[in-house]
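Shown below: final.pdb, with PDB, C-alpha atoms.
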```
ATOM      1  CA  MET A  18     -23.942-116.052 163.337
ATOM      2  CA  SER A  19     -22.896-112.875 165.157
ATOM      3  CA  PHE A  20     -25.216-110.949 167.428
ATOM      4  CA  PHE A  21     -25.623-108.105 164.918
ATOM      5  CA  ASP A  22     -26.517-110.563 162.160
ATOM      6  CA  GLU A  23     -29.103-112.092 164.504
ATOM      7  CA  LEU A  24     -30.451-108.639 165.359
ATOM      8  CA  GLY A  25     -30.679-107.710 161.687
ATOM      9  CA  GLN A  26     -32.516-110.929 160.932
ATOM     10  CA  TYR A  27     -34.924-110.265 163.794
ATOM     11  CA  LEU A  28     -35.662-106.696 162.680
ATOM     12  CA  GLY A  29     -35.946-107.824 159.076
ATOM     13  CA  SER A  30     -39.069-109.834 159.840
ATOM     14  CA  ALA A  31     -42.294-107.938 159.131
ATOM     15  CA  SER A  32     -44.132-109.795 161.901
ATOM     16  CA  ASN A  33     -41.422-108.870 164.418
ATOM     17  CA  ARG A  34     -41.549-105.213 163.407
ATOM     18  CA  GLU A  35     -45.327-105.241 163.771
ATOM     19  CA  GLN A  36     -44.991-106.771 167.230
ATOM     20  CA  ILE A  37     -42.451-104.113 168.225
ATOM     21  CA  VAL A  38     -44.742-101.276 167.107
ATOM     22  CA  ASP A  39     -47.748-102.806 168.880
ATOM     23  CA  THR A  40     -45.885-103.376 172.139
ATOM     24  CA  LEU A  41     -44.381 -99.873 172.023
ATOM     25  CA  ALA A  42     -47.836 -98.323 171.551
ATOM     26  CA  GLU A  43     -49.197-100.426 174.411
ATOM     27  CA  HIS A  44     -46.250 -99.440 176.584
ATOM     28  CA  CYS A  45     -46.936 -95.733 175.969
ATOM     29  CA  TYR A  46     -50.601 -96.208 176.866
ATOM     30  CA  LEU A  47     -49.872 -98.210 180.028
ATOM     31  CA  ALA A  48     -47.186 -95.769 181.230
ATOM     32  CA  LEU A  49     -48.564 -92.354 180.297
ATOM     33  CA  LEU A  50     -52.271 -92.713 181.109
ATOM     34  CA  PRO A  51     -51.517 -93.672 184.755
ATOM     35  CA  LEU A  52     -49.046 -90.789 184.893
ATOM     36  CA  VAL A  53     -51.765 -88.277 183.990
ATOM     37  CA  LEU A  54     -54.340 -89.882 186.287
ATOM     38  CA  GLY A  55     -51.807 -90.140 189.118
ATOM     39  CA  ILE A  56     -50.885 -86.461 188.804
ATOM     40  CA  VAL A  57     -54.549 -85.440 189.035
ATOM     41  CA  LEU A  58     -55.122 -87.740 192.019
ATOM     42  CA  ALA A  59     -51.957 -86.559 193.799
ATOM     43  CA  ILE A  60     -52.910 -82.899 193.299
ATOM     44  CA  ALA A  61     -56.353 -83.571 194.774
ATOM     45  CA  ILE A  62     -54.796 -85.350 197.756
ATOM     46  CA  GLY A  63     -52.253 -82.561 198.139
ATOM     47  CA  TRP A  64     -55.011 -79.948 198.166
ATOM     48  CA  LEU A  65     -56.795 -81.975 200.837
ATOM     49  CA  GLY A  66     -53.630 -82.211 202.925
ATOM     50  CA  ARG A  67     -53.032 -78.490 202.539
ATOM     51  CA  ALA A  68     -56.607 -77.540 203.455
ATOM     52  CA  TRP A  69     -56.817 -79.887 206.445
ATOM     53  CA  PRO A  70     -53.431 -80.175 208.199
ATOM     54  CA  ARG A  71     -54.638 -83.147 210.238
ATOM     55  CA  ALA A  72     -55.080 -85.125 207.015
ATOM     56  CA  ARG A  73     -51.527 -84.346 205.875
ATOM     57  CA  GLY A  74     -49.780 -86.904 208.059
ATOM     58  CA  VAL A  75     -52.342 -89.606 207.259
ATOM     59  CA  THR A  76     -52.010 -89.110 203.501
ATOM     60  CA  LEU A  77     -48.219 -89.258 203.673
ATOM     61  CA  VAL A  78     -48.289 -92.488 205.677
ATOM     62  CA  LEU A  79     -50.812 -94.103 203.322
ATOM     63  CA  ALA A  80     -48.805 -92.998 200.279
ATOM     64  CA  ASN A  81     -45.642 -94.546 201.695
ATOM     65  CA  LEU A  82     -47.472 -97.797 202.456
ATOM     66  CA  VAL A  83     -48.923 -98.044 198.944
ATOM     67  CA  TYR A  84     -45.553 -97.430 197.317
ATOM     68  CA  THR A  85     -43.913-100.211 199.355
ATOM     69  CA  ILE A  86     -46.291-102.862 197.927
ATOM     70  CA  PRO A  87     -44.371-104.967 195.375
ATOM     71  CA  SER A  88     -45.562-104.154 191.858
ATOM     72  CA  LEU A  89     -46.170-107.762 190.826
ATOM     73  CA  ALA A  90     -48.230-108.406 193.961
ATOM     74  CA  LEU A  91     -50.320-105.291 193.284
ATOM     75  CA  PHE A  92     -50.894-106.331 189.659
ATOM     76  CA  VAL A  93     -52.208-109.684 190.905
ATOM     77  CA  MET A  94     -54.357-108.121 193.661
ATOM     78  CA  ILE A  95     -56.093-105.491 191.503
ATOM     79  CA  PRO A  96     -58.408-107.894 189.562
ATOM     80  CA  SER A  97     -59.891-109.259 192.785
ATOM     81  CA  LEU A  98     -60.364-105.726 194.143
ATOM     82  CA  ILE A  99     -62.096-104.157 191.121
ATOM     83  CA  GLY A 100     -63.615-107.275 189.556
ATOM     84  CA  THR A 101     -61.674-107.385 186.294
ATOM     85  CA  LYS A 102     -60.015-110.273 184.481
ATOM     86  CA  MET A 103     -56.358-111.010 185.081
ATOM     87  CA  LEU A 104     -55.310-110.103 181.524
ATOM     88  CA  ASP A 105     -57.186-106.780 181.382
ATOM     89  CA  SER A 106     -54.848-103.855 180.784
ATOM     90  CA  ILE A 107     -56.910-101.771 183.222
ATOM     91  CA  ASN A 108     -55.226-103.697 186.049
ATOM     92  CA  VAL A 109     -51.840-102.229 185.154
ATOM     93  CA  VAL A 110     -53.375 -98.774 184.652
ATOM     94  CA  VAL A 111     -54.998 -98.816 188.105
ATOM     95  CA  ALA A 112     -51.860-100.161 189.807
ATOM     96  CA  LEU A 113     -49.539 -97.606 188.198
ATOM     97  CA  THR A 114     -52.008 -94.793 188.914
ATOM     98  CA  LEU A 115     -51.814 -95.707 192.602
ATOM     99  CA  TYR A 116     -48.007 -95.848 192.443
ATOM    100  CA  THR A 117     -47.813 -92.498 190.664
ATOM    101  CA  ALA A 118     -50.149 -90.805 193.137
ATOM    102  CA  ALA A 119     -48.279 -92.323 196.086
ATOM    103  CA  LEU A 120     -44.955 -91.136 194.690
ATOM    104  CA  LEU A 121     -46.213 -87.612 193.988
ATOM    105  CA  VAL A 122     -48.151 -86.855 197.189
ATOM    106  CA  ARG A 123     -45.105 -85.539 199.044
ATOM    107  CA  PRO A 124     -43.741 -83.524 196.058
ATOM    108  CA  VAL A 125     -47.184 -81.961 195.602
ATOM    109  CA  LEU A 126     -47.326 -80.929 199.259
ATOM    110  CA  ASP A 127     -43.754 -79.601 199.110
ATOM    111  CA  ALA A 128     -44.555 -77.706 195.913
ATOM    112  CA  LEU A 129     -47.644 -76.109 197.446
ATOM    113  CA  ASP A 130     -45.682 -75.223 200.589
ATOM    114  CA  ALA A 131     -43.144 -73.436 198.380
ATOM    115  CA  VAL A 132     -45.742 -70.927 197.188
ATOM    116  CA  PRO A 133     -45.050 -67.620 199.004
ATOM    117  CA  PRO A 134     -47.722 -66.867 201.637
ATOM    118  CA  ALA A 135     -47.744 -63.240 200.509
ATOM    119  CA  VAL A 136     -48.923 -64.309 197.053
ATOM    120  CA  ILE A 137     -51.732 -66.396 198.545
ATOM    121  CA  ALA A 138     -52.754 -63.510 200.789
ATOM    122  CA  SER A 139     -52.765 -61.122 197.826
ATOM    123  CA  ALA A 140     -54.958 -63.455 195.774
ATOM    124  CA  THR A 141     -57.352 -63.815 198.716
ATOM    125  CA  ALA A 142     -57.492 -60.035 199.124
ATOM    126  CA  MET A 143     -58.357 -59.699 195.427
ATOM    127  CA  GLY A 144     -61.436 -61.851 195.970
ATOM    128  CA  TYR A 145     -60.183 -65.233 194.738
ATOM    129  CA  ARG A 146     -62.199 -68.069 196.229
ATOM    130  CA  PRO A 147     -60.184 -71.079 197.526
ATOM    131  CA  ALA A 148     -60.804 -73.311 194.485
ATOM    132  CA  ARG A 149     -60.037 -70.562 191.959
ATOM    133  CA  ARG A 150     -57.004 -69.420 193.939
ATOM    134  CA  PHE A 151     -55.672 -72.972 194.045
ATOM    135  CA  LEU A 152     -56.106 -73.609 190.304
ATOM    136  CA  THR A 153     -54.997 -70.222 188.979
ATOM    137  CA  VAL A 154     -52.417 -69.063 191.532
ATOM    138  CA  GLU A 155     -51.049 -71.762 193.841
ATOM    139  CA  LEU A 156     -50.886 -74.669 191.390
ATOM    140  CA  PRO A 157     -49.139 -72.767 188.549
ATOM    141  CA  LEU A 158     -46.558 -71.398 191.003
ATOM    142  CA  ALA A 159     -46.009 -74.925 192.333
ATOM    143  CA  VAL A 160     -45.169 -76.334 188.882
ATOM    144  CA  PRO A 161     -41.363 -75.787 189.070
ATOM    145  CA  VAL A 162     -41.085 -77.860 192.258
ATOM    146  CA  LEU A 163     -43.705 -80.407 191.190
ATOM    147  CA  ALA A 164     -42.085 -80.977 187.783
ATOM    148  CA  ALA A 165     -39.093 -82.752 189.323
ATOM    149  CA  GLY A 166     -41.360 -85.298 191.006
ATOM    150  CA  VAL A 167     -43.339 -85.858 187.803
ATOM    151  CA  ARG A 168     -40.136 -86.612 185.901
ATOM    152  CA  VAL A 169     -39.210 -89.264 188.461
ATOM    153  CA  ALA A 170     -42.726 -90.728 188.315
ATOM    154  CA  SER A 171     -42.627 -90.935 184.511
ATOM    155  CA  VAL A 172     -39.391 -92.940 184.530
ATOM    156  CA  SER A 173     -40.764 -95.163 187.287
ATOM    157  CA  ASN A 174     -43.926 -95.887 185.306
ATOM    158  CA  ILE A 175     -42.075 -96.646 182.090
ATOM    159  CA  SER A 176     -39.898 -99.183 183.878
ATOM    160  CA  LEU A 177     -42.695-100.755 185.958
ATOM    161  CA  VAL A 178     -44.916-101.405 182.928
ATOM    162  CA  SER A 179     -42.534-104.163 181.855
ATOM    163  CA  VAL A 180     -43.311-106.085 185.053
ATOM    164  CA  GLY A 181     -46.868-106.442 183.789
ATOM    165  CA  ALA A 182     -45.593-108.825 181.111
ATOM    166  CA  LEU A 183     -45.418-111.490 183.825
ATOM    167  CA  ILE A 184     -49.229-111.441 183.983
ATOM    168  CA  GLY A 185     -49.655-111.083 180.209
ATOM    169  CA  VAL A 186     -49.910-107.274 179.917
ATOM    170  CA  GLY A 187     -46.631-105.442 179.785
ATOM    171  CA  GLY A 188     -45.946-103.504 176.611
ATOM    172  CA  LEU A 189     -42.275-103.820 175.766
ATOM    173  CA  GLY A 190     -41.920-106.256 178.658
ATOM    174  CA  VAL A 191     -43.437-108.883 176.343
ATOM    175  CA  LEU A 192     -40.218-108.715 174.323
ATOM    176  CA  PHE A 193     -38.240-109.488 177.491
ATOM    177  CA  THR A 194     -40.288-112.537 178.447
ATOM    178  CA  ASP A 195     -40.330-113.762 174.845
ATOM    179  CA  GLY A 196     -36.565-113.442 174.592
ATOM    180  CA  PHE A 197     -35.906-115.157 177.921
ATOM    181  CA  GLN A 198     -38.235-118.038 177.142
ATOM    182  CA  ARG A 199     -36.606-118.676 173.757
ATOM    183  CA  GLU A 200     -33.082-117.663 174.857
ATOM    184  CA  TYR A 201     -33.230-115.171 172.016
ATOM    185  CA  PHE A 202     -31.428-111.951 172.943
ATOM    186  CA  SER A 203     -32.477-109.738 170.027
ATOM    187  CA  PRO A 204     -35.988-108.915 171.336
ATOM    188  CA  ILE A 205     -34.511-108.303 174.788
ATOM    189  CA  VAL A 206     -32.031-105.773 173.424
ATOM    190  CA  VAL A 207     -34.699-104.083 171.290
ATOM    191  CA  GLY A 208     -36.986-103.862 174.328
ATOM    192  CA  ILE A 209     -34.274-102.344 176.513
ATOM    193  CA  VAL A 210     -33.253 -99.781 173.887
ATOM    194  CA  LEU A 211     -36.844 -98.729 173.195
ATOM    195  CA  THR A 212     -37.605 -98.458 176.924
ATOM    196  CA  LEU A 213     -34.600 -96.176 177.422
ATOM    197  CA  LEU A 214     -35.495 -94.067 174.377
ATOM    198  CA  LEU A 215     -39.104 -93.753 175.516
ATOM    199  CA  ALA A 216     -38.008 -92.635 178.978
ATOM    200  CA  LEU A 217     -35.644 -90.077 177.421
ATOM    201  CA  VAL A 218     -38.282 -88.684 175.047
ATOM    202  CA  VAL A 219     -40.911 -88.394 177.789
ATOM    203  CA  ASP A 220     -38.417 -86.704 180.115
ATOM    204  CA  LEU A 221     -37.488 -84.168 177.436
ATOM    205  CA  LEU A 222     -41.170 -83.473 176.766
ATOM    206  CA  LEU A 223     -41.753 -82.907 180.475
ATOM    207  CA  VAL A 224     -38.827 -80.479 180.640
ATOM    208  CA  LEU A 225     -40.238 -78.604 177.650
ATOM    209  CA  SER A 226     -43.720 -78.572 179.183
ATOM    210  CA  ARG A 227     -42.329 -77.197 182.415
ATOM    211  CA  ARG A 228     -40.624 -74.354 180.552
ATOM    212  CA  LEU A 229     -43.794 -73.546 178.626
ATOM    213  CA  LEU A 230     -45.942 -73.580 181.768
ATOM    214  CA  THR A 231     -43.562 -71.362 183.767
ATOM    215  CA  PRO A 232     -42.369 -68.553 181.474
ATOM    216  CA  TRP A 233     -41.777 -66.349 184.525
ATOM    217  CA  ASP A 234     -39.240 -68.828 185.892
ATOM    218  CA  ARG A 235     -36.824 -68.530 182.983
ATOM    219  CA  THR A 236     -33.580 -66.760 183.742
ATOM    220  CA  THR A 237     -31.716 -64.676 181.254
ATOM    221  CA  ALA A 238     -27.954 -64.698 181.405
ATOM    222  CA  PRO A 239     -26.536 -61.229 182.037
ATOM    223  CA  VAL A 240     -24.936 -59.561 179.061
ATOM    224  CA  ARG A 241     -21.266 -58.890 179.564
ATOM    225  CA  THR A 242     -19.619 -55.929 177.963
ATOM    226  CA  GLU A 243     -15.895 -55.671 177.580
ATOM    227  CA  VAL A 244     -14.044 -52.440 177.053
ATOM    228  CA  ALA A 245     -10.826 -52.688 175.112
ATOM    229  CA  VAL A 246      -7.938 -50.859 176.684
TER     230      VAL A 246
END
```
Go through the file and emit its structure as structure tokens.
Amino acid sequence: MSFFDELGQYLGSASNREQIVDTLAEHCYLALLPLVLGIVLAIAIGWLGRAWPRARGVTLVLANLVYTIPSLALFVMIPSLIGTKMLDSINVVVALTLYTAALLVRPVLDALDAVPPAVIASATAMGYRPARRFLTVELPLAVPVLAAGVRVASVSNISLVSVGALIGVGGLGVLFTDGFQREYFSPIVVGIVLTLLLALVVDLLLVLSRRLLTPWDRTTAPVRTEVAV
């Protein structure tokens, strides 16, 4: 039997298709929820580092240390730290939230630093309090720089979720472990293809979101006029 015949037989099973849909939905949950939570946490840390320069260096060092912890080790450590069971999906959510925040702390600070001081001064002169100025002026203007870091974090999360399959919670990673254990390559290929497609779709959605959130940043190509001689 050829590989494509084997793949067709695998996809032809209703139970296999149900498993694929379930693991894909779980993968989206485990990858995207930590992304949102990590962005919020990183923005809060970035605001803290911007408001208190002495805290900036400490936050960057701590973020680098967190991101160097091996993912599997962090997945195993989380239950003992927060008192959950090993197979709870919240363990992966907490771990990936920490990774996302650690990865985005520096981009958030760089994005906030990119906001022109004259704009901040103008908002302050207009009576904007620090919190309102940050949310309505500084943060929106920081989106173009921050968006690049968020795209990297999204791809990182989507790939790291699969590691959770080694502790029983891993979305599409379950297809990898199942295929390796049975030496059955069809679920492995399906898992890889769906992981790549999910990363591509999320990246495209982030690019679209960035364009919608920053209409002022769009550039219009100059119109060229040619005069026939």
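Pairwise distance (CA of Leu126 (chain A), CA of Ser179 (chain A)) equals 29.4 Å.
For the pair CA of Val93 (chain A) and CA of Val218 (chain A), the separation is 29.8 Å.
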List every protein, DNA or RNA residue with an atom no more than 10 Å from (-39.7, -84.5, 191.3) in the file's coordinates, counting only C-alpha atoms, and format the result as a compact mmCIF listing (two decimals) with C-alpha atoms, in the frame of the given file.
```txt
# COMPACT_ATOMS: atom_id res chain seq x y z
CA LEU A 120 -44.96 -91.14 194.69
CA LEU A 121 -46.21 -87.61 193.99
CA ARG A 123 -45.10 -85.54 199.04
CA PRO A 124 -43.74 -83.52 196.06
CA VAL A 125 -47.18 -81.96 195.60
CA ALA A 128 -44.56 -77.71 195.91
CA PRO A 161 -41.36 -75.79 189.07
CA VAL A 162 -41.08 -77.86 192.26
CA LEU A 163 -43.70 -80.41 191.19
CA ALA A 164 -42.08 -80.98 187.78
CA ALA A 165 -39.09 -82.75 189.32
CA GLY A 166 -41.36 -85.30 191.01
CA VAL A 167 -43.34 -85.86 187.80
CA ARG A 168 -40.14 -86.61 185.90
CA VAL A 169 -39.21 -89.26 188.46
CA ALA A 170 -42.73 -90.73 188.32
CA SER A 171 -42.63 -90.94 184.51
```
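Distances to Val219 (chain A) were evaluated for A:Ile56, A:Leu65, A:Val172, A:Ala80 using only C-alpha atoms, and the minimum falls at A:Val172.
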- Compile the contact shell of Val180 (chain A) as a list in words: residues with an atom at most 8 Å away, counting all atoms listed in the file, same-chain residues fewer than 3 positions apart removed. Ser88, Leu89, Ser176, Leu177, Leu183, Gly187 and Gly190 of chain A
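Proximity ranking of A:Val53, A:Leu113, A:Val154, A:Ala72 relative to Ser139 (chain A) places A:Val154 first, based on only C-alpha atoms.
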- Task: Taking the file as shown, find all residues satisfying the PyMOL selection byres ((chain A and resi 67-69) around 10) and write them as JSON, numbers by chain.
- Result: {"A": [61, 62, 63, 64, 65, 66, 70, 71, 72, 73, 125, 126, 127, 129, 130, 147]}
Show me, as a short mmCIF file (atom, residue, chain, number, x, y, z; two decimals) with C-alpha atoms, in the coordinates of the input, the residues that have an atom within 9 Å of Leu156 (chain A) when counting only C-alpha atoms, minus same-chain residues fewer than 2 positions from it.
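Output file out_33.cif is given in full below:
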```
data_model
loop_
_atom_site.label_atom_id
_atom_site.label_comp_id
_atom_site.auth_asym_id
_atom_site.auth_seq_id
_atom_site.Cartn_x
_atom_site.Cartn_y
_atom_site.Cartn_z
CA ILE A 60 -52.91 -82.90 193.30
CA ALA A 128 -44.56 -77.71 195.91
CA LEU A 129 -47.64 -76.11 197.45
CA VAL A 132 -45.74 -70.93 197.19
CA ARG A 150 -57.00 -69.42 193.94
CA PHE A 151 -55.67 -72.97 194.04
CA LEU A 152 -56.11 -73.61 190.30
CA THR A 153 -55.00 -70.22 188.98
CA VAL A 154 -52.42 -69.06 191.53
CA LEU A 158 -46.56 -71.40 191.00
CA ALA A 159 -46.01 -74.92 192.33
CA VAL A 160 -45.17 -76.33 188.88
#
```
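Atom to atom, CA of Glu23 (chain A) and CA of Leu41 (chain A) stand 21.0 Å apart.
In terms of minimum interatomic distance to Leu214 (chain A), A:Ile175 ranks closest within A:Ile175, A:Val186, A:Ser106, A:Tyr145, counting only C-alpha atoms.
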- Query: So which one's closest to Ala90 (chain A), A:Ala112, A:Val207, A:Val78, A:Ala140? Using all atoms listed in the file, please.
  - Reply: A:Ala112
Region 143-148 of chain A, all listed atoms, 4 Å padding on each side: what axis-aligned box centre and edge lengths in Å to one decimal come out, as AutoDock Vina command-line options?
```
--center_x -60.3 --center_y -66.5 --center_z 196.0 --size_x 11.8 --size_y 21.6 --size_z 11.0
```
- Answer key for the PyMOL selection byres ((chain A and resi 197-204) around 10), residues as JSON, numbers by chain: {"A": [20, 21, 22, 23, 24, 25, 26, 27, 28, 33, 37, 189, 190, 191, 192, 193, 194, 195, 196, 205, 206, 207, 208, 209, 210]}
What residues come out when you apply the PyMOL selection byres ((chain A and resi 114) around 10) to this file, written as a tab-separated table (two decimals) with C-alpha atoms, in the frame of the given file?
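Final output, saved to expr-v5.tsv:
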```
chain	number	residue	atom	x	y	z
A	47	LEU	CA	-49.87	-98.21	180.03
A	48	ALA	CA	-47.19	-95.77	181.23
A	49	LEU	CA	-48.56	-92.35	180.30
A	50	LEU	CA	-52.27	-92.71	181.11
A	51	PRO	CA	-51.52	-93.67	184.76
A	52	LEU	CA	-49.05	-90.79	184.89
A	53	VAL	CA	-51.76	-88.28	183.99
A	54	LEU	CA	-54.34	-89.88	186.29
A	55	GLY	CA	-51.81	-90.14	189.12
A	56	ILE	CA	-50.88	-86.46	188.80
A	57	VAL	CA	-54.55	-85.44	189.04
A	58	LEU	CA	-55.12	-87.74	192.02
A	59	ALA	CA	-51.96	-86.56	193.80
A	108	ASN	CA	-55.23	-103.70	186.05
A	109	VAL	CA	-51.84	-102.23	185.15
A	110	VAL	CA	-53.38	-98.77	184.65
A	111	VAL	CA	-55.00	-98.82	188.10
A	112	ALA	CA	-51.86	-100.16	189.81
A	113	LEU	CA	-49.54	-97.61	188.20
A	115	LEU	CA	-51.81	-95.71	192.60
A	116	TYR	CA	-48.01	-95.85	192.44
A	117	THR	CA	-47.81	-92.50	190.66
A	118	ALA	CA	-50.15	-90.80	193.14
A	119	ALA	CA	-48.28	-92.32	196.09
A	120	LEU	CA	-44.96	-91.14	194.69
A	174	ASN	CA	-43.93	-95.89	185.31
```
